[in-house]
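Quick look at query-v8.txt (compact mmCIF, C-alpha atoms):
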# COMPACT_ATOMS: atom_id res chain seq x y z
CA MET A 513 -15.01 22.21 -35.90
CA THR A 514 -18.56 20.88 -35.92
CA GLU A 515 -17.82 19.10 -39.17
CA LEU A 516 -14.78 17.53 -37.52
CA LEU A 517 -16.87 16.27 -34.64
CA SER A 518 -19.49 14.90 -36.97
CA ILE A 519 -16.88 12.49 -38.36
CA VAL A 520 -16.61 10.84 -34.99
CA VAL A 521 -20.11 11.29 -33.65
CA PRO A 522 -23.13 11.73 -35.92
CA LEU A 523 -24.65 15.05 -35.08
CA ASP A 524 -28.05 14.53 -36.63
CA THR A 525 -30.96 15.98 -34.72
CA LEU A 526 -33.56 13.33 -34.14
CA ALA A 527 -37.02 13.85 -35.54
CA GLY A 528 -39.28 15.72 -33.19
CA TRP A 529 -36.47 17.34 -31.28
CA PRO A 530 -35.90 21.08 -31.46
CA ALA A 531 -33.09 22.22 -33.66
CA VAL A 532 -29.95 23.05 -31.73
CA GLN A 533 -27.39 25.65 -32.42
CA PRO A 534 -24.01 24.29 -33.47
CA PRO A 535 -21.47 24.72 -30.65
CA THR A 536 -19.13 27.61 -30.86
CA VAL A 537 -15.39 27.20 -31.22
CA LEU A 538 -15.00 28.17 -27.59
CA GLN A 539 -17.41 25.49 -26.45
CA THR A 540 -15.67 22.87 -28.56
CA LEU A 541 -12.28 23.88 -27.23
CA GLY A 542 -13.64 23.78 -23.72
CA LEU A 543 -14.85 20.26 -24.27
CA LEU A 544 -11.74 18.94 -26.00
CA VAL A 545 -9.08 20.85 -24.08
CA GLY A 546 -10.63 22.38 -20.99
CA VAL A 547 -12.17 19.23 -19.52
CA PRO A 548 -9.04 17.06 -19.92
CA LEU A 549 -6.98 19.89 -18.50
CA LEU A 550 -9.32 20.15 -15.54
CA VAL A 551 -9.12 16.41 -14.91
CA PHE A 552 -5.33 16.56 -15.16
CA LEU A 553 -5.18 19.43 -12.69
CA ILE A 554 -7.42 17.60 -10.21
CA VAL A 555 -5.30 14.42 -10.41
CA PHE A 556 -2.10 16.43 -10.13
CA GLY A 557 -3.48 18.30 -7.14
CA ILE A 558 -4.45 15.10 -5.36
CA ALA A 559 -1.01 13.61 -5.99
CA LYS A 560 0.70 16.79 -4.83
CA ILE A 561 -1.33 16.91 -1.64
CA GLY A 562 -0.49 13.28 -0.92
CA THR A 563 3.21 13.92 -1.44
CA THR A 564 3.14 17.01 0.73
CA VAL A 565 1.39 15.21 3.55
CA GLN A 566 3.87 12.33 3.35
CA ALA A 567 6.81 14.73 3.29
CA GLY A 568 5.45 16.52 6.31
CA ARG A 569 5.20 13.27 8.16
CA GLY A 570 8.79 12.40 7.24
CA PRO A 571 10.23 9.04 6.41
CA ALA A 572 9.29 6.17 8.63
CA ALA A 573 11.75 6.08 11.48
CA PRO A 574 13.90 3.00 11.29
CA PRO A 575 13.82 0.76 14.32
CA THR A 576 16.49 1.98 16.68
CA GLU A 577 16.52 -1.01 18.98
CA SER A 578 17.87 -4.31 17.85
CA LEU A 579 15.61 -7.30 17.66
CA TRP A 580 16.47 -10.97 17.75
CA VAL A 581 14.06 -13.56 16.57
CA ASN A 582 14.95 -17.10 17.40
CA GLY A 583 18.51 -16.25 18.18
CA ARG A 584 20.71 -15.06 20.92
CA PRO A 585 19.30 -12.21 22.97
CA ALA A 586 21.07 -8.91 22.46
CA GLY A 587 24.08 -8.18 24.57
CA GLY A 588 27.17 -10.08 25.46
CA GLU A 589 30.33 -10.64 23.55
CA ILE A 590 30.17 -12.03 20.06
CA GLU A 591 32.91 -14.46 19.29
CA ALA A 592 34.33 -14.71 15.83
CA ALA A 593 32.91 -17.65 13.96
CA PRO A 594 35.71 -20.15 13.38
CA GLU A 595 34.16 -21.25 10.12
CA LEU A 596 34.14 -17.69 8.85
CA HIS A 597 37.90 -17.38 8.74
CA GLY A 598 39.01 -16.54 5.26
CA LEU A 599 35.68 -15.07 4.20
CA GLY A 600 35.88 -11.96 2.10
CA ALA A 601 38.60 -11.10 -0.33
CA ASP A 602 40.36 -14.39 0.31
CA ASP A 603 37.18 -16.38 0.08
CA ARG A 604 37.66 -19.80 -1.49
CA PRO A 605 34.44 -20.72 -3.28
CA GLY A 606 35.30 -24.41 -3.42
CA ASP A 607 35.60 -24.74 0.32
CA THR A 608 32.32 -26.18 1.55
CA GLN A 609 33.25 -25.60 5.16
CA GLN A 610 32.77 -21.89 4.74
CA VAL A 611 29.53 -20.10 5.26
CA GLY A 612 27.39 -18.97 2.37
CA GLY A 613 24.63 -16.51 1.86
CA ALA A 614 24.06 -13.24 0.14
CA GLY A 615 23.79 -9.56 0.83
CA ALA A 616 21.94 -6.56 -0.47
CA ARG A 617 21.81 -2.82 0.00
CA TRP A 618 18.86 -0.56 -0.61
CA MET B 41 15.42 -0.27 27.17
CA PRO B 42 14.95 -3.90 26.16
CA ALA B 43 15.82 -4.89 22.65
CA GLY B 44 13.16 -4.74 19.99
CA ASP B 45 11.02 -2.01 21.47
CA SER B 46 10.67 -0.38 18.05
CA PHE B 47 8.59 -3.30 16.86
CA THR B 48 5.00 -3.89 17.71
CA ARG B 49 3.87 -7.13 19.18
CA ALA B 50 2.18 -8.00 15.89
CA ASP B 51 5.47 -7.43 14.06
CA ARG B 52 7.29 -9.81 16.33
CA GLU B 53 4.58 -12.39 16.04
CA ARG B 54 4.73 -12.19 12.24
CA LEU B 55 8.49 -12.64 12.28
CA THR B 56 8.33 -15.47 14.78
CA ARG B 57 5.67 -17.25 12.73
CA ALA B 58 7.69 -16.84 9.55
CA VAL B 59 10.77 -18.26 11.26
CA GLN B 60 8.82 -21.20 12.65
CA ASN B 61 7.31 -21.96 9.24
CA ALA B 62 10.70 -21.78 7.56
CA GLU B 63 12.21 -24.08 10.15
CA ALA B 64 9.36 -26.55 9.82
CA LEU B 65 9.75 -26.62 6.06
CA SER B 66 13.50 -26.84 5.88
CA GLY B 67 14.68 -28.43 9.09
CA LEU B 68 17.25 -25.67 9.38
CA LYS B 69 17.44 -23.10 12.13
CA PHE B 70 16.60 -19.54 11.23
CA SER B 71 17.54 -16.48 13.22
CA VAL B 72 16.77 -12.88 12.49
CA PHE B 73 18.68 -9.89 13.74
CA VAL B 74 17.32 -6.43 13.09
CA GLY B 75 19.56 -3.68 14.32
CA VAL B 76 22.59 -1.60 13.63
CA ALA B 77 25.48 -3.54 12.15
CA GLU B 78 29.12 -2.63 12.14
CA GLU B 79 30.82 -1.04 9.18
CA ASP B 80 31.75 -4.41 7.76
CA ALA B 81 28.24 -5.81 7.94
CA ARG B 82 29.16 -9.12 6.36
CA ALA B 83 31.82 -9.84 8.96
CA TYR B 84 29.52 -8.68 11.73
CA ALA B 85 26.76 -10.96 10.48
CA GLY B 86 29.30 -13.76 10.35
CA ARG B 87 30.22 -13.21 13.96
CA LEU B 88 26.57 -13.15 14.99
CA HIS B 89 26.04 -16.33 13.04
CA GLY B 90 29.02 -17.95 14.68
CA ALA B 91 27.64 -17.13 18.09
CA LEU B 92 24.43 -19.07 17.44
CA ASP B 93 23.88 -22.43 19.08
CA ASP B 94 24.35 -24.48 15.92
CA PRO B 95 25.98 -22.26 13.30
CA ALA B 96 26.50 -25.02 10.76
CA HIS B 97 22.77 -25.72 10.48
CA SER B 98 21.67 -22.13 11.00
CA VAL B 99 20.69 -19.33 8.68
CA LEU B 100 21.02 -15.80 9.95
CA VAL B 101 19.24 -12.87 8.40
CA LEU B 102 20.72 -9.54 9.42
CA CYS B 103 18.84 -6.37 8.58
CA ASP B 104 20.14 -2.94 9.39
CA PRO B 105 17.30 -0.53 8.58
CA GLU B 106 19.36 2.51 9.48
CA PHE B 107 22.21 1.87 7.08
CA HIS B 108 20.10 -0.11 4.61
CA VAL B 109 22.11 -3.28 4.88
CA LEU B 110 20.88 -6.83 4.48
CA GLU B 111 23.03 -9.90 4.97
CA ILE B 112 22.06 -13.54 4.86
CA ILE B 113 24.51 -16.03 6.31
CA SER B 114 24.02 -19.73 5.86
CA GLY B 115 26.07 -22.26 7.79
CA SER B 116 28.33 -24.82 6.19
CA GLU B 117 25.69 -27.56 6.46
CA ALA B 118 22.78 -25.26 5.68
CA ARG B 119 24.49 -24.38 2.40
CA ARG B 120 23.84 -27.89 1.17
CA TRP B 121 20.13 -27.12 1.15
CA LEU B 122 20.21 -23.41 0.63
CA ASP B 123 22.72 -22.25 -1.92
CA ASP B 124 23.94 -18.73 -2.46
CA VAL B 125 21.76 -18.14 -5.50
CA GLU B 126 18.62 -18.87 -3.50
CA CYS B 127 19.87 -16.57 -0.78
CA ALA B 128 20.44 -13.86 -3.37
CA LEU B 129 16.92 -14.31 -4.71
CA ALA B 130 15.47 -14.02 -1.23
CA ALA B 131 17.63 -10.96 -0.62
CA ALA B 132 16.25 -9.38 -3.78
CA SER B 133 12.69 -10.03 -2.63
CA MET B 134 13.42 -8.48 0.75
CA GLN B 135 15.18 -5.56 -0.87
CA THR B 136 12.05 -4.73 -2.84
CA SER B 137 9.97 -4.45 0.31
CA PHE B 138 12.69 -2.60 2.18
CA VAL B 139 12.83 0.04 -0.53
CA ALA B 140 9.11 0.58 0.02
CA GLY B 141 9.75 0.99 3.75
CA ASP B 142 8.23 -2.31 4.80
CA ILE B 143 10.97 -3.86 6.91
CA VAL B 144 8.88 -6.49 8.68
CA GLY B 145 6.98 -7.46 5.54
CA GLY B 146 10.21 -7.85 3.61
CA LEU B 147 11.73 -10.02 6.30
CA VAL B 148 8.65 -12.21 6.45
CA ILE B 149 8.64 -12.69 2.69
CA GLY B 150 12.35 -13.37 2.58
CA ILE B 151 12.32 -15.86 5.42
CA GLN B 152 9.42 -17.72 3.86
CA GLN B 153 11.28 -17.80 0.57
CA LEU B 154 14.42 -19.10 2.25
CA GLY B 155 12.42 -21.79 4.02
CA ASP B 156 10.76 -22.84 0.79
CA ALA B 157 14.06 -22.90 -1.05
CA ALA B 158 15.64 -25.08 1.63
CA ARG B 159 12.69 -27.42 1.80
CA GLN B 160 13.94 -30.94 2.39
CA PRO B 161 11.49 -33.43 0.92
CA LYS B 162 10.93 -36.61 2.87
CA MET B 163 12.47 -39.56 1.09
CA LEU B 164 10.60 -42.67 2.09
CA HIS B 165 13.05 -45.02 0.41
CA VAL B 166 15.84 -43.94 2.71
CA THR B 167 13.72 -43.72 5.80
CA ASN B 168 14.13 -46.45 8.34
CA PRO B 169 10.93 -48.56 8.18
CA ASN B 170 11.12 -49.23 11.91

Encoded form using structure tokens:
Amino acid sequence: MTELLSIVVPLDTLAGWPAVQPPTVLQTLGLLVGVPLLVFLIVFGIAKIGTTVQAGRGPAAPPTESLWVNGRPAGGEIEAAPELHGLGADDRPGDTQQVGGAGARW
Amino acid sequence: MPAGDSFTRADRERLTRAVQNAEALSGLKFSVFVGVAEEDARAYAGRLHGALDDPAHSVLVLCDPEFHVLEIISGSEARRWLDDVECALAAASMQTSFVAGDIVGGLVIGIQQLGDAARQPKMLHVTNPN
């Protein structure tokens, strides 16, 4: 294992430094497997805690009251738009008198 | 309870500012309705749009956060400046924010996008010199 490491990182002991014992297989495994595993567990734990806290809080409550911005205040009868007649299945794309727009769901 | 109590004052101010900017850019009228729509949201939005002061020149954005519905209605005259493709693009932008739970942010982005798309450049050569 030490020979394998020496391919990547030169393991020469510098002159004047005491000779060191080559690391055991357990130490090498700890470095190559244990540390990444520990980092992974810490990241996973943080993510899990965040998810749990968010789940405990519940989804953000949608606004229950209607809001008009720059339009008619809420309340009152809404009359059918004359120009909307024919919109839907019988919509005629060439008719410029009809309303346009788009819709989306999420 | 008065309408719009679920929104903070800052939310309303953001929406109002976005609407004002869009109107200044485009010359169209923008209205936003956030609330529960009927089952046929498109028809409901159409009726709301028809009840506006000047439907032909108005753009209505309906957002139903409870049933996850978004509808954009542009009047017959507004369509000349804001076509359906641009509305669909704005709807897609809003949808992205709505999915993340940011209703107000999505509306602000979408309204700004609609205003930009409907921008009517000043044409000096057709402007009356007087």

Dump as an NGL selection string the residues of chain B that approach chain A to within 7 Å, counting all atoms listed in the file.
:B and (43-46 or 56 or 70-76 or 86-88 or 90-92 or 105-106 or 108-116 or 119 or 124 or 127-128 or 131 or 135 or 139)

Up to 10 Å from (12.5, -6.3, 7.1) in the file's coordinates: name the residues, counting only C-alpha atoms, as a ChimeraX atom specification.
/B:51,55,72-74,101-105,110,134-135,137-139,141-151

Output the selection as a PDB file, in the coordinates of the input - C-alpha atoms for each residue.
ATOM      1  CA  ASP B  51       5.470  -7.430  14.060  1.00  0.00           C
ATOM      2  CA  LEU B  55       8.490 -12.640  12.280  1.00  0.00           C
ATOM      3  CA  VAL B  72      16.770 -12.880  12.490  1.00  0.00           C
ATOM      4  CA  PHE B  73      18.680  -9.890  13.740  1.00  0.00           C
ATOM      5  CA  VAL B  74      17.320  -6.430  13.090  1.00  0.00           C
ATOM      6  CA  VAL B 101      19.240 -12.870   8.400  1.00  0.00           C
ATOM      7  CA  LEU B 102      20.720  -9.540   9.420  1.00  0.00           C
ATOM      8  CA  CYS B 103      18.840  -6.370   8.580  1.00  0.00           C
ATOM      9  CA  ASP B 104      20.140  -2.940   9.390  1.00  0.00           C
ATOM     10  CA  PRO B 105      17.300  -0.530   8.580  1.00  0.00           C
ATOM     11  CA  LEU B 110      20.880  -6.830   4.480  1.00  0.00           C
ATOM     12  CA  MET B 134      13.420  -8.480   0.750  1.00  0.00           C
ATOM     13  CA  GLN B 135      15.180  -5.560  -0.870  1.00  0.00           C
ATOM     14  CA  SER B 137       9.970  -4.450   0.310  1.00  0.00           C
ATOM     15  CA  PHE B 138      12.690  -2.600   2.180  1.00  0.00           C
ATOM     16  CA  VAL B 139      12.830   0.040  -0.530  1.00  0.00           C
ATOM     17  CA  GLY B 141       9.750   0.990   3.750  1.00  0.00           C
ATOM     18  CA  ASP B 142       8.230  -2.310   4.800  1.00  0.00           C
ATOM     19  CA  ILE B 143      10.970  -3.860   6.910  1.00  0.00           C
ATOM     20  CA  VAL B 144       8.880  -6.490   8.680  1.00  0.00           C
ATOM     21  CA  GLY B 145       6.980  -7.460   5.540  1.00  0.00           C
ATOM     22  CA  GLY B 146      10.210  -7.850   3.610  1.00  0.00           C
ATOM     23  CA  LEU B 147      11.730 -10.020   6.300  1.00  0.00           C
ATOM     24  CA  VAL B 148       8.650 -12.210   6.450  1.00  0.00           C
ATOM     25  CA  ILE B 149       8.640 -12.690   2.690  1.00  0.00           C
ATOM     26  CA  GLY B 150      12.350 -13.370   2.580  1.00  0.00           C
ATOM     27  CA  ILE B 151      12.320 -15.860   5.420  1.00  0.00           C
TER      28      ILE B 151
END

What does the structure give for the distance between CA of Val99 (chain B) and CA of Leu164 (chain B), in Å to one decimal?
26.3 Å

Between CA of Ala96 (chain B) and CA of Gly67 (chain B), measure the distance and give it in Å to one decimal.
12.4 Å

To one decimal place, how far is CA of Asn61 (chain B) from CA of Gln152 (chain B) in Å?
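Computed distance, CA of Asn61 (chain B) to CA of Gln152 (chain B), equals 7.2 Å.
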
Test item: axis-aligned box, all listed atoms of region 99-118 of chain B, 8 Å on each side, centre and edges in Å rounded to one decimal, as AutoDock Vina command-line options:
--center_x 22.8 --center_y -12.5 --center_z 7.2 --size_x 27.0 --size_y 46.1 --size_z 21.5
